[in-house]
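**Q** If it helps, the file is called run_38.cif and holds mmCIF, C-alpha atoms:
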```
data_upload
#
loop_
_atom_site.label_atom_id
_atom_site.label_comp_id
_atom_site.auth_asym_id
_atom_site.auth_seq_id
_atom_site.Cartn_x
_atom_site.Cartn_y
_atom_site.Cartn_z
CA MET A 20 7.71 31.14 6.23
CA LYS A 21 4.77 32.27 8.30
CA ARG A 22 3.03 29.25 9.66
CA VAL A 23 -0.54 28.92 10.85
CA LYS A 24 -1.93 25.90 12.66
CA VAL A 25 -3.68 23.81 10.07
CA SER A 26 -6.05 20.97 10.80
CA ASN A 27 -4.90 17.44 10.25
CA ASN A 28 -7.57 16.88 7.61
CA VAL A 29 -6.32 19.80 5.52
CA ILE A 30 -2.75 18.53 5.75
CA ARG A 31 -3.89 15.10 4.56
CA ARG A 32 -5.58 16.67 1.53
CA LEU A 33 -2.54 18.72 0.45
CA PRO A 34 -0.67 15.80 -1.19
CA ARG A 35 -3.80 15.01 -3.19
CA TYR A 36 -4.03 18.61 -4.38
CA LEU A 37 -0.37 18.43 -5.34
CA ARG A 38 -0.86 15.29 -7.42
CA LYS A 39 -3.88 16.78 -9.15
CA LEU A 40 -2.00 20.01 -9.94
CA ASP A 41 0.87 17.94 -11.37
CA GLU A 42 -1.63 16.13 -13.56
CA LEU A 43 -3.10 19.43 -14.75
CA THR A 44 0.38 20.78 -15.51
CA GLU A 45 1.16 17.66 -17.54
CA SER A 46 -2.04 18.21 -19.52
CA GLY A 47 -1.00 21.79 -20.21
CA VAL A 48 -3.58 23.38 -17.90
CA SER A 49 -2.25 26.52 -16.21
CA ARG A 50 -5.39 27.85 -14.60
CA VAL A 51 -8.19 26.06 -12.74
CA SER A 52 -11.34 27.13 -10.92
CA SER A 53 -12.24 25.83 -7.48
CA PHE A 54 -15.34 24.38 -9.15
CA GLU A 55 -13.33 22.36 -11.67
CA LEU A 56 -10.73 21.30 -9.09
CA GLY A 57 -13.53 20.23 -6.77
CA LYS A 58 -15.25 18.25 -9.50
CA GLN A 59 -12.05 16.37 -10.32
CA LEU A 60 -11.23 15.63 -6.68
CA GLY A 61 -14.71 15.02 -5.32
CA PHE A 62 -14.64 18.05 -2.99
CA THR A 63 -16.99 21.02 -2.93
CA PRO A 64 -15.63 24.30 -4.33
CA SER A 65 -16.16 25.93 -0.94
CA GLN A 66 -14.09 23.26 0.80
CA ILE A 67 -11.28 23.90 -1.65
CA ARG A 68 -11.42 27.66 -1.15
CA GLN A 69 -11.46 27.11 2.61
CA ASP A 70 -8.49 24.72 2.50
CA PHE A 71 -6.34 27.13 0.48
CA SER A 72 -7.37 30.12 2.57
CA CYS A 73 -5.46 28.55 5.49
CA PHE A 74 -2.24 29.39 3.70
CA GLY A 75 -3.06 32.73 2.11
CA GLU A 76 -4.65 33.73 -1.15
CA PHE A 77 -3.88 31.90 -4.38
CA GLY A 78 -7.01 32.50 -6.37
CA GLN A 79 -8.84 35.40 -7.87
CA GLN A 80 -12.60 35.65 -8.12
CA GLY A 81 -13.66 34.83 -11.66
CA TYR A 82 -10.16 33.85 -12.71
CA GLY A 83 -9.42 30.72 -10.72
CA TYR A 84 -6.11 29.46 -9.44
CA ASN A 85 -2.78 29.80 -11.18
CA VAL A 86 -1.71 26.14 -11.34
CA PRO A 87 2.11 26.51 -11.17
CA ALA A 88 1.94 29.13 -8.39
CA LEU A 89 -0.46 27.07 -6.31
CA ARG A 90 1.60 23.93 -6.91
CA ALA A 91 4.80 25.70 -5.79
CA GLU A 92 3.11 27.03 -2.68
CA ILE A 93 1.71 23.65 -1.65
CA ALA A 94 5.09 21.99 -2.29
CA SER A 95 6.72 24.56 -0.05
CA ILE A 96 4.11 24.11 2.69
CA LEU A 97 4.76 20.37 2.54
CA GLY A 98 8.50 20.95 3.01
CA MET A 99 9.41 19.60 -0.41
CA ASP A 100 11.95 22.40 -0.95
CA ARG A 101 13.95 21.75 2.23
CA GLY A 102 16.28 19.03 1.02
CA PHE A 103 15.19 16.52 3.62
CA HIS A 104 17.39 13.45 4.01
CA ALA A 105 15.99 9.98 4.60
CA ILE A 106 17.61 6.69 5.47
CA MET A 107 16.03 3.27 5.16
CA ILE A 108 16.25 0.63 7.87
CA GLY A 109 15.74 -2.87 6.51
CA VAL A 110 16.29 -3.85 2.89
CA GLY A 111 13.77 -6.70 2.61
CA ASN A 112 10.99 -6.94 0.04
CA ILE A 113 9.23 -3.75 1.00
CA GLY A 114 12.50 -1.82 1.34
CA ARG A 115 13.64 -2.99 -2.08
CA ALA A 116 10.25 -2.21 -3.62
CA LEU A 117 10.38 1.35 -2.27
CA THR A 118 13.98 1.90 -3.38
CA GLU A 119 13.20 0.61 -6.86
CA ASN A 120 9.79 2.14 -7.49
CA PHE A 121 9.27 5.07 -5.19
CA ASN A 122 10.85 8.27 -6.42
CA PHE A 123 11.99 9.94 -3.18
CA GLY A 124 13.55 12.78 -5.17
CA GLU A 125 10.23 13.68 -6.76
CA TRP A 126 8.89 14.45 -3.29
CA GLY A 127 11.89 16.44 -2.13
CA PHE A 128 13.69 13.69 -0.27
CA HIS A 129 17.19 12.36 -0.71
CA LEU A 130 17.51 8.68 0.24
CA SER A 131 21.10 8.75 1.50
CA ALA A 132 21.69 5.24 2.80
CA ALA A 133 20.05 1.96 3.75
CA PHE A 134 20.91 -0.29 6.67
CA ASP A 135 20.57 -4.03 7.09
CA VAL A 136 21.97 -6.90 9.16
CA ARG A 137 22.68 -9.37 6.35
CA PRO A 138 26.42 -9.60 5.57
CA GLU A 139 25.77 -10.63 1.95
CA ILE A 140 24.25 -7.26 1.04
CA ILE A 141 26.21 -4.95 3.37
CA GLY A 142 28.68 -2.89 1.39
CA THR A 143 26.75 -3.19 -1.86
CA MET A 144 24.77 -0.52 -3.70
CA PHE A 145 21.08 -0.90 -4.52
CA HIS A 146 19.75 1.56 -7.09
CA GLU A 147 22.49 4.06 -6.17
CA VAL A 148 21.80 3.72 -2.44
CA PRO A 149 24.66 2.28 -0.34
CA ILE A 150 23.65 -0.54 2.01
CA LEU A 151 25.49 -0.23 5.32
CA SER A 152 25.66 -2.41 8.41
CA MET A 153 23.30 -1.76 11.32
CA ASP A 154 26.50 -1.77 13.42
CA VAL A 155 27.50 1.62 11.99
CA LEU A 156 24.04 3.21 12.20
CA SER A 157 24.61 5.21 15.38
CA GLN A 158 27.93 6.47 14.06
CA TYR A 159 26.25 7.41 10.76
CA LEU A 160 23.56 9.32 12.64
CA SER A 161 26.17 11.29 14.57
CA GLU A 162 27.85 12.39 11.32
CA HIS A 163 24.93 12.91 8.89
CA ARG A 164 21.73 14.85 8.71
CA VAL A 165 18.77 12.48 8.84
CA ASP A 166 15.28 13.96 8.82
CA VAL A 167 13.25 10.80 8.34
CA ALA A 168 13.96 7.10 8.88
CA VAL A 169 11.98 4.73 6.64
CA LEU A 170 11.24 1.73 8.84
CA THR A 171 11.01 -1.44 6.76
CA VAL A 172 12.39 -3.98 9.25
CA PRO A 173 10.64 -7.22 10.27
CA LYS A 174 7.94 -6.75 12.94
CA GLU A 175 10.05 -8.06 15.81
CA ALA A 176 12.76 -5.46 15.15
CA ALA A 177 10.38 -2.49 14.96
CA VAL A 178 10.38 -1.42 18.61
CA PRO A 179 14.09 -1.89 19.44
CA VAL A 180 15.18 -0.19 16.19
CA THR A 181 12.83 2.73 16.85
CA LYS A 182 14.23 3.11 20.36
CA MET A 183 17.75 3.19 18.96
CA LEU A 184 16.78 5.72 16.25
CA THR A 185 15.11 8.13 18.65
CA GLU A 186 17.93 7.86 21.18
CA ASN A 187 20.24 8.90 18.36
CA GLY A 188 18.21 11.95 17.47
CA VAL A 189 16.03 10.78 14.59
CA GLY A 190 12.86 12.83 14.92
CA ALA A 191 10.56 11.25 12.34
CA ILE A 192 9.74 7.70 11.28
CA TRP A 193 7.85 6.52 8.21
CA ASN A 194 6.61 3.23 9.55
CA PHE A 195 5.83 0.29 7.25
CA THR A 196 5.93 -2.37 9.96
CA ASN A 197 2.27 -2.34 11.09
CA VAL A 198 3.61 -2.17 14.64
CA GLU A 199 2.26 0.64 16.83
CA LEU A 200 5.31 2.77 17.71
CA THR A 201 4.02 5.91 19.37
CA GLU A 202 4.68 6.09 23.06
CA PRO A 203 2.90 8.61 25.29
CA ASN A 204 4.72 11.97 25.33
CA SER A 205 7.15 10.88 22.65
CA GLN A 206 8.59 13.73 20.60
CA THR A 207 9.08 11.45 17.61
CA LEU A 208 6.83 11.99 14.62
CA VAL A 209 5.52 8.66 13.35
CA GLU A 210 3.61 8.23 10.10
CA ASN A 211 2.14 4.76 9.76
CA VAL A 212 1.46 3.21 6.39
CA HIS A 213 -1.65 1.06 6.74
CA PHE A 214 -2.35 -0.86 3.57
CA SER A 215 -5.56 -2.15 5.16
CA ASP A 216 -7.17 1.32 5.18
CA SER A 217 -6.91 1.43 1.44
CA LEU A 218 -8.07 -2.15 0.82
CA LEU A 219 -11.04 -1.75 3.16
CA SER A 220 -12.23 1.40 1.39
CA LEU A 221 -12.16 -0.56 -1.84
CA SER A 222 -13.93 -3.42 -0.09
CA TYR A 223 -16.70 -1.02 0.95
CA PHE A 224 -17.31 0.02 -2.65
CA VAL A 225 -17.27 -3.58 -3.87
CA ALA A 226 -19.83 -4.51 -1.20
CA GLU A 227 -21.96 -1.49 -2.07
CA ARG A 228 -22.01 -2.44 -5.74
CA GLU A 229 -22.87 -6.03 -4.87
CA ASP A 230 -25.86 -4.79 -2.84
CA GLU A 231 -26.99 -2.48 -5.62
CA ARG A 232 -26.88 -5.33 -8.13
CA ALA A 233 -28.78 -7.63 -5.79
CA ALA A 234 -31.42 -4.93 -5.29
CA ARG A 235 -31.75 -4.43 -9.04
CA ALA A 236 -32.06 -8.18 -9.59
CA ALA A 237 -34.74 -8.42 -6.90
CA ARG A 238 -36.71 -5.58 -8.51
CA ALA A 239 -36.43 -7.21 -11.92
CA GLU A 240 -37.75 -10.47 -10.47
CA ARG A 241 -40.79 -8.75 -9.00
CA LEU A 242 -41.72 -7.22 -12.36
CA MET B 21 -28.38 -4.94 4.57
CA LYS B 22 -30.01 -1.60 4.17
CA ARG B 23 -27.58 0.77 2.59
CA VAL B 24 -27.53 4.55 2.76
CA LYS B 25 -25.30 6.73 0.62
CA VAL B 26 -22.33 7.64 2.75
CA SER B 27 -19.82 10.35 1.98
CA ASN B 28 -16.40 9.37 0.79
CA ASN B 29 -14.79 10.97 3.84
CA VAL B 30 -16.82 8.83 6.23
CA ILE B 31 -15.91 5.70 4.28
CA ARG B 32 -12.22 6.61 4.53
CA ARG B 33 -12.52 6.98 8.30
CA LEU B 34 -14.19 3.62 8.86
CA PRO B 35 -10.98 1.54 8.59
CA ARG B 36 -9.35 3.82 11.15
CA TYR B 37 -12.28 3.29 13.53
CA LEU B 38 -11.95 -0.43 12.97
CA ARG B 39 -8.25 -0.45 13.85
CA LYS B 40 -8.86 1.64 16.95
CA LEU B 41 -11.69 -0.66 18.10
CA ASP B 42 -9.39 -3.67 17.58
CA GLU B 43 -6.78 -1.96 19.74
CA LEU B 44 -9.36 -1.29 22.44
CA THR B 45 -10.52 -4.91 22.34
CA GLU B 46 -6.93 -6.09 22.71
CA SER B 47 -6.55 -3.85 25.77
CA GLY B 48 -9.69 -5.39 27.26
CA VAL B 49 -11.88 -2.29 26.75
CA SER B 50 -15.49 -3.20 25.90
CA ARG B 51 -17.15 0.18 26.11
CA VAL B 52 -16.01 3.58 24.88
CA SER B 53 -17.49 7.08 24.82
CA SER B 54 -17.47 9.26 21.70
CA PHE B 55 -15.36 11.67 23.75
CA GLU B 56 -12.67 9.07 24.49
CA LEU B 57 -12.75 7.66 20.96
CA GLY B 58 -12.44 11.18 19.58
CA LYS B 59 -9.53 11.97 21.85
CA GLN B 60 -7.65 8.85 20.76
CA LEU B 61 -8.31 9.45 17.06
CA GLY B 62 -8.05 13.22 16.92
CA PHE B 63 -11.71 13.73 15.95
CA THR B 64 -14.38 15.69 17.79
CA PRO B 65 -17.00 13.63 19.67
CA SER B 66 -19.71 15.18 17.51
CA GLN B 67 -17.94 14.11 14.31
CA ILE B 68 -17.81 10.56 15.64
CA ARG B 69 -21.49 10.56 16.59
CA GLN B 70 -22.33 11.94 13.17
CA ASP B 71 -20.22 9.34 11.35
CA PHE B 72 -21.84 6.43 13.17
CA SER B 73 -25.32 7.87 12.80
CA CYS B 74 -25.01 7.25 9.03
CA PHE B 75 -25.33 3.54 9.72
CA GLY B 76 -27.81 3.47 12.57
CA GLU B 77 -27.51 3.71 16.31
CA PHE B 78 -24.69 2.01 18.20
CA GLY B 79 -24.36 4.18 21.26
CA GLN B 80 -26.43 5.14 24.23
CA GLN B 81 -26.37 8.53 25.87
CA GLY B 82 -24.26 8.34 29.01
CA TYR B 83 -23.17 4.78 28.31
CA GLY B 84 -21.01 5.05 25.23
CA TYR B 85 -20.46 2.53 22.50
CA ASN B 86 -20.32 -1.22 22.90
CA VAL B 87 -16.90 -1.97 21.38
CA PRO B 88 -17.50 -5.49 19.99
CA ALA B 89 -20.94 -4.58 18.57
CA LEU B 90 -19.64 -1.44 16.91
CA ARG B 91 -16.61 -3.31 15.57
CA ALA B 92 -18.82 -6.03 14.07
CA GLU B 93 -21.11 -3.48 12.47
CA ILE B 94 -18.24 -1.52 10.88
CA ALA B 95 -16.65 -4.76 9.65
CA SER B 96 -19.93 -5.70 8.03
CA ILE B 97 -20.36 -2.26 6.44
CA LEU B 98 -16.85 -2.60 5.01
CA GLY B 99 -17.77 -5.96 3.48
CA MET B 100 -15.31 -7.91 5.63
CA ASP B 101 -17.87 -10.71 6.16
CA ARG B 102 -18.51 -11.38 2.47
CA GLY B 103 -15.65 -13.76 1.72
CA PHE B 104 -14.18 -11.59 -1.02
CA HIS B 105 -11.57 -13.24 -3.22
CA ALA B 106 -8.48 -11.44 -4.46
CA ILE B 107 -5.82 -12.35 -6.96
CA MET B 108 -2.43 -10.70 -7.32
CA ILE B 109 -0.97 -9.72 -10.68
CA GLY B 110 2.82 -9.41 -10.54
CA VAL B 111 5.00 -11.13 -7.96
CA GLY B 112 7.88 -8.64 -7.81
CA ASN B 113 9.17 -6.94 -4.67
CA ILE B 114 5.93 -5.24 -3.74
CA GLY B 115 3.87 -8.32 -4.54
CA ARG B 116 6.12 -10.49 -2.41
CA ALA B 117 6.12 -7.95 0.41
CA LEU B 118 2.31 -7.91 0.46
CA THR B 119 2.00 -11.70 0.30
CA GLU B 120 4.49 -12.10 3.15
CA ASN B 121 3.48 -9.28 5.45
CA PHE B 122 -0.05 -8.22 4.70
CA ASN B 123 -2.66 -10.41 6.29
CA PHE B 124 -5.44 -10.47 3.68
CA GLY B 125 -7.46 -12.85 5.84
CA GLU B 126 -7.54 -10.41 8.75
CA TRP B 127 -9.45 -8.00 6.49
CA GLY B 128 -11.89 -10.55 5.12
CA PHE B 129 -10.07 -11.34 1.89
CA HIS B 130 -8.83 -14.64 0.54
CA LEU B 131 -5.78 -14.28 -1.70
CA SER B 132 -6.47 -17.18 -4.04
CA ALA B 133 -3.71 -16.98 -6.63
CA ALA B 134 -0.91 -14.83 -8.00
CA PHE B 135 0.09 -14.40 -11.64
CA ASP B 136 3.45 -13.63 -13.19
CA VAL B 137 5.32 -13.94 -16.48
CA ARG B 138 8.60 -15.39 -15.19
CA PRO B 139 8.90 -19.13 -15.94
CA GLU B 140 11.21 -19.72 -12.94
CA ILE B 141 8.45 -18.91 -10.42
CA ILE B 142 5.36 -20.09 -12.33
CA GLY B 143 4.03 -23.29 -10.78
CA THR B 144 5.58 -22.60 -7.38
CA MET B 145 3.84 -21.64 -4.14
CA PHE B 146 4.69 -18.46 -2.25
CA HIS B 147 3.37 -18.34 1.32
CA GLU B 148 0.58 -20.78 0.41
CA VAL B 149 -0.40 -18.79 -2.68
CA PRO B 150 0.02 -20.60 -6.02
CA ILE B 151 1.87 -18.59 -8.68
CA LEU B 152 0.30 -19.16 -12.09
CA SER B 153 1.21 -18.05 -15.59
CA MET B 154 -0.32 -14.87 -17.03
CA ASP B 155 -1.23 -17.10 -19.98
CA VAL B 156 -3.92 -18.82 -17.92
CA LEU B 157 -5.32 -15.66 -16.30
CA SER B 158 -8.35 -15.26 -18.54
CA GLN B 159 -9.21 -18.92 -18.14
CA TYR B 160 -8.81 -18.60 -14.37
CA LEU B 161 -11.14 -15.59 -14.35
CA SER B 162 -13.80 -17.50 -16.26
CA GLU B 163 -13.74 -20.30 -13.68
CA HIS B 164 -13.21 -18.49 -10.34
CA ARG B 165 -14.80 -15.75 -8.35
CA VAL B 166 -12.47 -12.73 -8.24
CA ASP B 167 -13.69 -9.62 -6.44
CA VAL B 168 -10.45 -7.63 -6.42
CA ALA B 169 -7.23 -7.77 -8.44
CA VAL B 170 -4.13 -6.53 -6.63
CA LEU B 171 -2.09 -4.81 -9.33
CA THR B 172 1.63 -5.05 -8.56
CA VAL B 173 3.03 -5.24 -12.08
CA PRO B 174 5.79 -2.97 -13.50
CA LYS B 175 4.52 0.45 -14.66
CA GLU B 176 4.59 -0.39 -18.35
CA ALA B 177 2.28 -3.37 -17.84
CA ALA B 178 -0.30 -1.48 -15.78
CA VAL B 179 -2.61 -0.27 -18.55
CA PRO B 180 -2.66 -3.39 -20.76
CA VAL B 181 -3.13 -5.70 -17.77
CA THR B 182 -5.98 -3.54 -16.46
CA LYS B 183 -7.66 -3.63 -19.85
CA MET B 184 -7.40 -7.40 -19.88
CA LEU B 185 -8.74 -7.69 -16.31
CA THR B 186 -11.76 -5.48 -16.92
CA GLU B 187 -12.56 -7.19 -20.21
CA ASN B 188 -12.65 -10.43 -18.26
CA GLY B 189 -15.07 -9.13 -15.68
CA VAL B 190 -12.84 -8.01 -12.82
CA GLY B 191 -14.68 -5.11 -11.25
CA ALA B 192 -12.18 -3.75 -8.74
CA ILE B 193 -8.45 -3.06 -8.79
CA TRP B 194 -6.15 -2.31 -5.87
CA ASN B 195 -3.50 -0.37 -7.74
CA PHE B 196 0.11 -0.21 -6.51
CA THR B 197 1.61 0.90 -9.82
CA ASN B 198 1.36 4.70 -9.45
CA VAL B 199 -0.14 4.70 -12.95
CA GLU B 200 -3.49 6.48 -13.35
CA LEU B 201 -5.94 3.77 -14.46
CA THR B 202 -9.39 5.27 -14.32
CA GLU B 203 -10.94 5.97 -17.69
CA PRO B 204 -13.98 8.18 -18.08
CA ASN B 205 -17.22 6.21 -17.62
CA SER B 206 -15.35 3.11 -16.54
CA GLN B 207 -17.36 0.81 -14.28
CA THR B 208 -14.19 -0.53 -12.70
CA LEU B 209 -13.49 0.48 -9.11
CA VAL B 210 -9.86 1.53 -8.71
CA GLU B 211 -8.20 2.19 -5.37
CA ASN B 212 -4.78 3.75 -5.77
CA VAL B 213 -2.09 3.31 -3.15
CA HIS B 214 -0.06 6.51 -3.09
CA PHE B 215 2.92 6.21 -0.78
CA SER B 216 3.71 9.85 -1.46
CA ASP B 217 0.56 11.08 0.32
CA SER B 218 1.79 9.49 3.50
CA LEU B 219 5.42 10.66 3.17
CA LEU B 220 4.35 14.22 2.36
CA SER B 221 2.11 14.43 5.42
CA LEU B 222 5.11 13.40 7.51
CA SER B 223 7.23 15.91 5.61
CA TYR B 224 4.76 18.66 6.56
CA PHE B 225 5.11 17.85 10.25
CA VAL B 226 8.92 17.71 10.04
CA ALA B 227 8.94 21.11 8.31
CA GLU B 228 6.55 22.52 10.88
CA ARG B 229 8.77 21.37 13.73
CA GLU B 230 11.85 22.79 12.02
CA ASP B 231 10.11 26.18 11.78
CA GLU B 232 9.02 26.07 15.40
CA ARG B 233 12.56 25.33 16.52
CA ALA B 234 13.96 28.13 14.37
CA ALA B 235 11.40 30.53 15.82
CA ARG B 236 12.31 29.49 19.36
CA ALA B 237 16.02 29.88 18.63
CA ALA B 238 15.42 33.36 17.16
CA ARG B 239 13.46 34.38 20.25
CA ALA B 240 16.21 33.07 22.54
CA GLU B 241 18.79 35.06 20.60
CA ARG B 242 16.84 38.28 21.04
CA LEU B 243 16.67 37.84 24.82
#
```
Could you take the file, read its structure, and then write that structure out as structure tokens?

**A**
Amino acid sequence: MKRVKVSNNVIRRLPRYLRKLDELTESGVSRVSSFELGKQLGFTPSQIRQDFSCFGEFGQQGYGYNVPALRAEIASILGMDRGFHAIMIGVGNIGRALTENFNFGEWGFHLSAAFDVRPEIIGTMFHEVPILSMDVLSQYLSEHRVDVAVLTVPKEAAVPVTKMLTENGVGAIWNFTNVELTEPNSQTLVENVHFSDSLLSLSYFVAEREDERAARAARAERL
Amino acid sequence: MKRVKVSNNVIRRLPRYLRKLDELTESGVSRVSSFELGKQLGFTPSQIRQDFSCFGEFGQQGYGYNVPALRAEIASILGMDRGFHAIMIGVGNIGRALTENFNFGEWGFHLSAAFDVRPEIIGTMFHEVPILSMDVLSQYLSEHRVDVAVLTVPKEAAVPVTKMLTENGVGAIWNFTNVELTEPNSQTLVENVHFSDSLLSLSYFVAEREDERAARAARAERL
């Protein structure tokens, strides 16, 4: 595939486009204008046209976008058709929640194995994923393709486990630990999941509404 | 507080500024230029100046931003100083993971209570949060301030529980269920946590690196 350098903001919007296109497909919509897509996503039509122009042409003036074609193209750009393999490190609450509820396959990933230190779960299966001992992790990495490690260990284990993973050739980490892992000049790709970003955005809107109500009440009082 | 309408994109960046300013504070930095802040966050200095200008003036030409003052202002804009109360609905894996690992207090929230249907955990405490029966939820809501409900129920319960929450005056939902909850004209604020957005961004970068390596290998072969 020909690849152009795309800005980080565009990349961050692609998964949202994908979800919206999946929704449209489910509702039986096979064609959508940049105007309609923008309205549903809260973007301007010109931003949408600009975003998609980074990757080539998917739309036709006056016709709109072909939903399945655009969806397939975005999925491909996101690497969803590459058969990426993931492993999970740490099968605590968050690890179990992800294994149970997050459909890795839907996003093009195969969750091949999980690793933990607790003897009582090592050797068992959890939702079709084998739980192996941390002791065999480096051997596993030497024998299997691993594109992404899902890091769901306790905080104190985050840095040493990351060191071990990168030394054994794991190039990408999906980090749920809230511990800052990126070292200067590191080649490892780290994607941090920050629940707080999401809660604080919600908090902003709650505060805004509170202020609007207070302002309305103050106006009513003056009347 | 005087409030101006701020674009959704700016609001989404505020929590990231907050985290970065906390990091700077921890490293003993009390002043930062828009250039340095931009470099560390991957934004242009002019974008940063523009974002902050929405809320008033925090910087001085040639001096930069005062880190603690800017941090306090952003925290206030995000509503972190309002003593918001949250309750959790559903104490499964993801609910337990959040209660154990996510520090609501750090972000200005008090997690007052959790609700579940399983008799074996009702009446117990989990990390200082009382677990109550779903049967008493509506009564609880009539007697307590609840700004945000954290929705961590199984998929099939998402819609009925949301209906019940909104009918009882809960105005904001932090939704972990992956079920689309927003109805047309609904007054309820819903913030969806989509793990897939984060994994797919990482997937993009892994795919990009794979392509770059393949291109390098092809070039080397031709030499």

**Q** Compute the chain A side of the contact with chain B at 8 Å, counting only C-alpha atoms, and hand it back as JSON, numbers by chain.

**A** {"A": [20, 22, 30, 31, 34, 35, 96, 97, 98, 99, 101, 112, 113, 115, 116, 121, 126, 166, 190, 191, 193, 208, 209, 210, 211, 212, 214, 215, 216, 217, 218, 219, 220, 221, 222, 223, 224, 225, 226, 227, 230]}

**Q** What separation in Å, quoted to one decimal, exists between CA of Ala134 in chain B and CA of Gly103 in chain B?

**A**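 Rounded to one decimal, the two atoms are 17.7 Å apart.
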
**Q** Give me, please, the distance in Å between CA of Leu130 in chain A and CA of Ala105 in chain A, quoted to one decimal.

**A**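 Pair CA of Leu130 in chain A / CA of Ala105 in chain A returns 4.8 Å.
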
**Q** By how many Å are CA of Ser50 in chain B and CA of Val87 in chain B apart?

**A**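 Distance between the two atoms: 4.9 Å.
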
**Q** Compile the contact shell of Ser152 in chain A as a PyMOL selection string: residues with an atom at most 8 Å away, counting all atoms listed in the file, same-chain residues fewer than 5 positions apart removed.

**A** chain A and resi 134-138+141-142

**Q** Find the residues around Leu184 in chain A up to 10 Å (all atoms listed in the file counted), leave out those fewer than 2 positions away in its own chain, and share them as a list in words.

**A**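 Non-adjacent residues within range: Ile108, Leu156, Ser157, Leu160, Ala168, Val178, Pro179, Val180, Thr181, Lys182, Glu186, Asn187, Gly188, Val189, Gly190, Ala191, Ile192 and Thr207 of chain A.
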
**Q** Deliver the residues from the most recent selection as a file, using C-alpha atoms, as a PDB file, in the frame of the given file.

**A**
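And here is the file that came out, part_12.pdb:
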```
ATOM      1  CA  ILE A 108      16.250   0.630   7.870  1.00  0.00           C
ATOM      2  CA  LEU A 156      24.040   3.210  12.200  1.00  0.00           C
ATOM      3  CA  SER A 157      24.610   5.210  15.380  1.00  0.00           C
ATOM      4  CA  LEU A 160      23.560   9.320  12.640  1.00  0.00           C
ATOM      5  CA  ALA A 168      13.960   7.100   8.880  1.00  0.00           C
ATOM      6  CA  VAL A 178      10.380  -1.420  18.610  1.00  0.00           C
ATOM      7  CA  PRO A 179      14.090  -1.890  19.440  1.00  0.00           C
ATOM      8  CA  VAL A 180      15.180  -0.190  16.190  1.00  0.00           C
ATOM      9  CA  THR A 181      12.830   2.730  16.850  1.00  0.00           C
ATOM     10  CA  LYS A 182      14.230   3.110  20.360  1.00  0.00           C
ATOM     11  CA  GLU A 186      17.930   7.860  21.180  1.00  0.00           C
ATOM     12  CA  ASN A 187      20.240   8.900  18.360  1.00  0.00           C
ATOM     13  CA  GLY A 188      18.210  11.950  17.470  1.00  0.00           C
ATOM     14  CA  VAL A 189      16.030  10.780  14.590  1.00  0.00           C
ATOM     15  CA  GLY A 190      12.860  12.830  14.920  1.00  0.00           C
ATOM     16  CA  ALA A 191      10.560  11.250  12.340  1.00  0.00           C
ATOM     17  CA  ILE A 192       9.740   7.700  11.280  1.00  0.00           C
ATOM     18  CA  THR A 207       9.080  11.450  17.610  1.00  0.00           C
TER      19      THR A 207
END
```

**Q** Translate the PyMOL selection byres ((chain A and resi 63-73) around 7), as applied to the file shown, into an explicit residue set as an mmCIF file with C-alpha atoms, keeping the file's coordinate frame.

**A**
```
data_model
loop_
_atom_site.group_PDB
_atom_site.id
_atom_site.type_symbol
_atom_site.label_atom_id
_atom_site.label_comp_id
_atom_site.auth_asym_id
_atom_site.auth_seq_id
_atom_site.Cartn_x
_atom_site.Cartn_y
_atom_site.Cartn_z
ATOM 1 C CA VAL A 25 -3.680 23.810 10.070
ATOM 2 C CA VAL A 29 -6.320 19.800 5.520
ATOM 3 C CA SER A 53 -12.240 25.830 -7.480
ATOM 4 C CA PHE A 54 -15.340 24.380 -9.150
ATOM 5 C CA GLY A 57 -13.530 20.230 -6.770
ATOM 6 C CA GLY A 61 -14.710 15.020 -5.320
ATOM 7 C CA PHE A 62 -14.640 18.050 -2.990
ATOM 8 C CA PHE A 74 -2.240 29.390 3.700
ATOM 9 C CA GLY A 75 -3.060 32.730 2.110
ATOM 10 C CA GLU A 76 -4.650 33.730 -1.150
#
```
